[in-house]
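Just coords23.txt here, compact mmCIF, C-alpha atoms and all ligand atoms:
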# COMPACT_ATOMS: atom_id res chain seq x y z
CA MET V 1 32.89 -27.77 14.20
CA ALA V 2 30.10 -30.09 15.16
CA ILE V 3 29.24 -32.59 17.83
CA ARG V 4 28.85 -36.03 16.25
CA THR V 5 26.56 -38.79 17.44
CA ILE V 6 28.38 -41.42 19.47
CA THR V 7 28.09 -44.93 18.10
CA GLU V 8 27.21 -47.45 20.77
CA TYR V 9 27.59 -51.16 21.32
CA PRO V 10 26.67 -53.44 19.51
CA ALA V 11 27.23 -51.40 16.28
CA GLU V 12 29.18 -53.40 13.72
CA VAL V 13 31.73 -50.64 13.08
CA LEU V 14 32.99 -50.98 16.67
CA ALA V 15 34.02 -54.58 15.99
CA LYS V 16 35.78 -53.94 12.66
CA MET V 17 39.49 -53.53 12.03
CA GLY V 18 39.84 -49.86 11.03
CA GLN V 19 41.06 -48.75 7.62
CA PRO V 20 44.34 -46.81 7.55
CA VAL V 21 44.20 -43.01 7.36
CA THR V 22 45.81 -42.05 4.04
CA GLU V 23 44.75 -38.44 3.42
CA PHE V 24 46.20 -35.81 5.72
CA ASP V 25 44.20 -32.86 4.52
CA GLN V 26 41.82 -30.20 5.78
CA GLU V 27 39.01 -32.77 5.90
CA LEU V 28 41.00 -34.82 8.41
CA ALA V 29 41.81 -31.72 10.48
CA ASP V 30 38.08 -30.83 10.53
CA LEU V 31 37.18 -34.38 11.51
CA CYS V 32 39.65 -34.29 14.40
CA ALA V 33 38.19 -30.95 15.57
CA ASP V 34 34.73 -32.56 15.58
CA MET V 35 36.09 -35.56 17.47
CA PHE V 36 37.61 -33.33 20.18
CA GLU V 37 34.36 -31.40 20.48
CA THR V 38 32.32 -34.60 20.69
CA MET V 39 34.70 -36.05 23.29
CA TYR V 40 34.61 -32.94 25.51
CA ASP V 41 30.82 -32.73 25.19
CA ALA V 42 30.54 -36.33 26.38
CA GLU V 43 33.11 -35.67 29.15
CA GLY V 44 35.40 -38.38 27.82
CA VAL V 45 39.21 -38.47 27.79
CA GLY V 46 39.52 -40.20 24.43
CA LEU V 47 37.48 -40.86 21.30
CA ALA V 48 38.22 -43.09 18.33
CA ALA V 49 36.75 -42.73 14.83
CA PRO V 50 34.69 -45.96 15.02
CA GLN V 51 32.88 -44.35 17.96
CA ILE V 52 31.37 -41.83 15.56
CA GLY V 53 30.64 -44.51 13.00
CA LEU V 54 33.80 -44.21 10.88
CA ASN V 55 35.85 -47.28 10.03
CA LEU V 56 39.19 -45.47 10.42
CA ARG V 57 42.36 -45.96 12.44
CA LEU V 58 42.21 -42.60 14.18
CA PHE V 59 41.71 -41.33 17.71
CA VAL V 60 41.95 -38.14 19.72
CA MET V 61 42.62 -37.89 23.43
CA ASP V 62 43.12 -35.36 26.21
CA CYS V 63 43.99 -37.22 29.37
CA GLU V 64 46.20 -36.12 32.26
CA GLY V 65 48.07 -33.59 30.15
CA VAL V 66 48.48 -35.87 27.14
CA LYS V 67 46.54 -34.21 24.33
CA LEU V 68 47.04 -35.60 20.87
CA ILE V 69 45.70 -36.81 17.55
CA ALA V 70 46.81 -40.32 16.58
CA ALA V 71 46.31 -41.66 13.08
CA ASN V 72 47.35 -45.25 12.34
CA PRO V 73 48.39 -45.83 15.98
CA GLU V 74 50.37 -48.80 17.13
CA VAL V 75 51.36 -49.73 20.66
CA ILE V 76 55.08 -50.42 20.30
CA HIS V 77 56.04 -50.96 23.94
CA THR V 78 54.35 -51.74 27.24
CA GLU V 79 55.69 -52.21 30.75
CA GLY V 80 54.38 -53.23 34.16
CA ASP V 81 50.74 -53.37 35.05
CA GLN V 82 47.99 -51.33 36.69
CA THR V 83 44.56 -52.36 37.85
CA GLY V 84 41.83 -49.77 37.74
CA SER V 85 38.41 -48.76 36.59
CA GLU V 86 37.77 -48.21 32.91
CA GLY V 87 34.72 -47.23 30.89
CA CYS V 88 33.81 -46.39 27.32
CA LEU V 89 31.54 -43.74 25.77
CA SER V 90 30.24 -46.46 23.42
CA VAL V 91 29.21 -48.60 26.37
CA GLY V 92 27.49 -45.81 28.33
CA LYS V 93 30.55 -45.35 30.59
CA VAL V 94 29.55 -48.43 32.59
CA PRO V 95 32.77 -49.06 34.52
CA ALA V 96 34.69 -52.28 34.94
CA VAL V 97 37.96 -53.03 36.67
CA LEU V 98 40.61 -54.01 34.16
CA THR V 99 44.32 -54.72 34.41
CA ARG V 100 46.42 -53.02 31.73
CA PRO V 101 50.11 -52.19 31.36
CA GLU V 102 51.27 -49.28 33.58
CA LYS V 103 53.33 -47.74 30.79
CA ALA V 104 52.72 -47.66 27.07
CA THR V 105 54.43 -46.16 24.04
CA ILE V 106 52.53 -45.50 20.85
CA ARG V 107 53.74 -44.72 17.38
CA ALA V 108 51.28 -42.79 15.24
CA GLN V 109 50.89 -39.97 12.74
CA ASN V 110 49.62 -36.50 13.57
CA GLU V 111 47.06 -34.62 11.47
CA LYS V 112 49.83 -33.59 9.06
CA GLY V 113 50.96 -37.18 8.54
CA GLU V 114 54.16 -36.81 10.58
CA TRP V 115 55.12 -39.89 12.58
CA PHE V 116 55.76 -39.52 16.31
CA GLU V 117 56.29 -41.68 19.35
CA ARG V 118 54.81 -40.86 22.73
CA ASP V 119 55.10 -42.48 26.17
CA ALA V 120 52.48 -42.36 28.86
CA THR V 121 51.94 -43.87 32.28
CA GLY V 122 48.91 -44.54 34.45
CA TYR V 123 45.54 -43.36 33.19
CA ALA V 124 46.98 -41.83 30.00
CA ALA V 125 48.67 -45.15 29.15
CA ARG V 126 45.31 -46.81 29.72
CA ALA V 127 43.78 -44.35 27.23
CA PHE V 128 46.50 -45.15 24.64
CA LEU V 129 45.65 -48.84 24.91
CA HIS V 130 41.87 -48.37 25.02
CA GLU V 131 41.79 -46.05 21.98
CA THR V 132 44.26 -48.11 19.93
CA ASP V 133 42.04 -51.12 20.65
CA HIS V 134 39.11 -49.20 19.12
CA CYS V 135 41.15 -48.76 15.93
CA ASN V 136 41.58 -52.54 15.88
CA GLY V 137 37.88 -53.30 16.38
CA LYS V 138 38.25 -54.15 20.03
CA LEU V 139 36.29 -52.88 23.04
CA PHE V 140 37.53 -52.82 26.63
CA VAL V 141 34.90 -55.41 27.57
CA ASP V 142 36.61 -57.84 25.18
CA HIS V 143 39.44 -58.03 27.73
CA LEU V 144 37.07 -59.12 30.52
CA PRO V 145 36.16 -62.68 31.44
CA LYS V 146 32.82 -63.61 29.88
CA LEU V 147 30.76 -63.32 33.07
CA ARG V 148 32.00 -59.81 33.86
CA ARG V 149 31.69 -58.79 30.23
CA ASP V 150 28.04 -59.90 30.18
CA MET V 151 27.41 -57.99 33.41
CA VAL V 152 28.73 -54.72 31.93
CA LEU V 153 26.74 -55.13 28.72
CA LYS V 154 23.57 -56.04 30.62
CA ARG V 155 23.88 -52.95 32.80
CA PHE V 156 24.51 -50.79 29.72
CA LYS V 157 21.36 -52.13 27.99
CA LYS V 158 19.33 -51.57 31.15
CA GLU V 159 20.54 -47.97 31.52
CA LYS V 160 19.74 -47.29 27.88
CA ASN V 161 16.18 -48.46 28.39
CA TRP V 162 15.77 -46.10 31.31
CA LYS V 163 16.60 -43.07 29.17
ZN ZN V 201 36.01 -46.59 24.26

Could you quickly redo this structure as structure tokens?
Amino acid sequence: MAIRTITEYPAEVLAKMGQPVTEFDQELADLCADMFETMYDAEGVGLAAPQIGLNLRLFVMDCEGVKLIAANPEVIHTEGDQTGSEGCLSVGKVPAVLTRPEKATIRAQNEKGEWFERDATGYAARAFLHETDHCNGKLFVDHLPKLRRDMVLKRFKKEKNWK
């Protein structure tokens, strides 16, 4: 297992539609193990393959008791809404308030290629939506009005320069 380097905004791979996962082999299992390790090391609750520079529809998460690997994820149902703070490891965890559905159901494949459906509410539902967005080349800031989006990105760039 190894900790991978986290890809940050404005890397091109973060804005690309991911390629489907087609091989469910040991290499994929090893990749997922690396993704979990990288996520825990960065103290995140979710990590998608584009965030380590791979153009793949794949994410891992461990958020409020929902721990899973999701290959080729799709959000198949959402309900209600919640307004809360959200951040992204690829944007230096700079937070922004964002309204998302309160409940979400995803359909995805596990590391063996078996399809499953899973429901989540609250913060875990937010993670489903955030990580599935990554697989579709979308960042959480893309949901914000332009002014607020620019503010988050400006703060991120500033914080990077301080390091
Ligand atoms: Zn993210």

Ranking V:Met151, V:Ala15, V:Leu31, V:Ile76 by minimum distance to ligand ZN 201 (chain V) and counting all atoms listed in the file, which one comes first? V:Ala15

Straight-line distance linking atom CA of Asn110 of chain V with atom CA of His77 of chain V, stated in Å to one decimal: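 About the pair atom CA of Asn110 of chain V and atom CA of His77 of chain V: they are 18.9 Å apart.
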
Mind running chain V against ligand ZN 201 (chain V) at 9 Å and telling me each contacting residue's nearest atom pair with the distance in Å (one decimal), counting all atoms listed in the file, chain and number ascending, as a Markdown table?
| residue | atom | partner | partner_atom | distance |
| --- | --- | --- | --- | --- |
| V:Gly44 | CA | V:ZN201 | ZN | 9.0 |
| V:Gly46 | CA | V:ZN201 | ZN | 7.3 |
| V:Leu47 | CA | V:ZN201 | ZN | 6.6 |
| V:Ala48 | CA | V:ZN201 | ZN | 7.2 |
| V:Gln51 | CA | V:ZN201 | ZN | 7.4 |
| V:Glu86 | CA | V:ZN201 | ZN | 9.0 |
| V:Gly87 | CA | V:ZN201 | ZN | 6.8 |
| V:Cys88 | CA | V:ZN201 | ZN | 3.8 |
| V:Leu89 | CA | V:ZN201 | ZN | 5.5 |
| V:Ser90 | CA | V:ZN201 | ZN | 5.8 |
| V:Val91 | CA | V:ZN201 | ZN | 7.4 |
| V:Lys93 | CA | V:ZN201 | ZN | 8.5 |
| V:Ala127 | CA | V:ZN201 | ZN | 8.6 |
| V:His130 | CA | V:ZN201 | ZN | 6.2 |
| V:Glu131 | CA | V:ZN201 | ZN | 6.2 |
| V:Asp133 | CA | V:ZN201 | ZN | 8.4 |
| V:His134 | CA | V:ZN201 | ZN | 6.5 |
| V:Lys138 | CA | V:ZN201 | ZN | 8.9 |
| V:Leu139 | CA | V:ZN201 | ZN | 6.4 |
| V:Phe140 | CA | V:ZN201 | ZN | 6.8 |

Can you write just those residues out, C-alpha atoms, as a PDB file, in the frame of the given file?
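Resulting contents of again.pdb:
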ATOM      1  CA  GLY V  44      35.400 -38.380  27.820  1.00  0.00           C
ATOM      2  CA  GLY V  46      39.520 -40.200  24.430  1.00  0.00           C
ATOM      3  CA  LEU V  47      37.480 -40.860  21.300  1.00  0.00           C
ATOM      4  CA  ALA V  48      38.220 -43.090  18.330  1.00  0.00           C
ATOM      5  CA  GLN V  51      32.880 -44.350  17.960  1.00  0.00           C
ATOM      6  CA  GLU V  86      37.770 -48.210  32.910  1.00  0.00           C
ATOM      7  CA  GLY V  87      34.720 -47.230  30.890  1.00  0.00           C
ATOM      8  CA  CYS V  88      33.810 -46.390  27.320  1.00  0.00           C
ATOM      9  CA  LEU V  89      31.540 -43.740  25.770  1.00  0.00           C
ATOM     10  CA  SER V  90      30.240 -46.460  23.420  1.00  0.00           C
ATOM     11  CA  VAL V  91      29.210 -48.600  26.370  1.00  0.00           C
ATOM     12  CA  LYS V  93      30.550 -45.350  30.590  1.00  0.00           C
ATOM     13  CA  ALA V 127      43.780 -44.350  27.230  1.00  0.00           C
ATOM     14  CA  HIS V 130      41.870 -48.370  25.020  1.00  0.00           C
ATOM     15  CA  GLU V 131      41.790 -46.050  21.980  1.00  0.00           C
ATOM     16  CA  ASP V 133      42.040 -51.120  20.650  1.00  0.00           C
ATOM     17  CA  HIS V 134      39.110 -49.200  19.120  1.00  0.00           C
ATOM     18  CA  LYS V 138      38.250 -54.150  20.030  1.00  0.00           C
ATOM     19  CA  LEU V 139      36.290 -52.880  23.040  1.00  0.00           C
ATOM     20  CA  PHE V 140      37.530 -52.820  26.630  1.00  0.00           C
TER      21      PHE V 140
END

Point-to-point distance from atom CA of Phe36 of chain V to atom CA of Gln109 of chain V, Å rounded to tenths: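 Pair atom CA of Phe36 of chain V / atom CA of Gln109 of chain V returns 16.6 Å.
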
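Using all atoms listed in the file, the shortest contact distance between Thr99 of chain V and any of V:Glu8, V:Asp30, V:Asp81, V:Glu74 is found at V:Asp81.
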
With distances taken over all atoms listed in the file, which of V:Leu129, V:Val141, V:Ile52, V:Asp34 is nearest to Glu12 of chain V?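 Looking at the shortest contact to Glu12 of chain V, the residue is V:Ile52.
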
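With only C-alpha atoms as the atoms that count, the residue of V:Gln19, V:Thr121, V:Val75, V:Asp150 with the shortest distance to Leu54 of chain V is V:Gln19.
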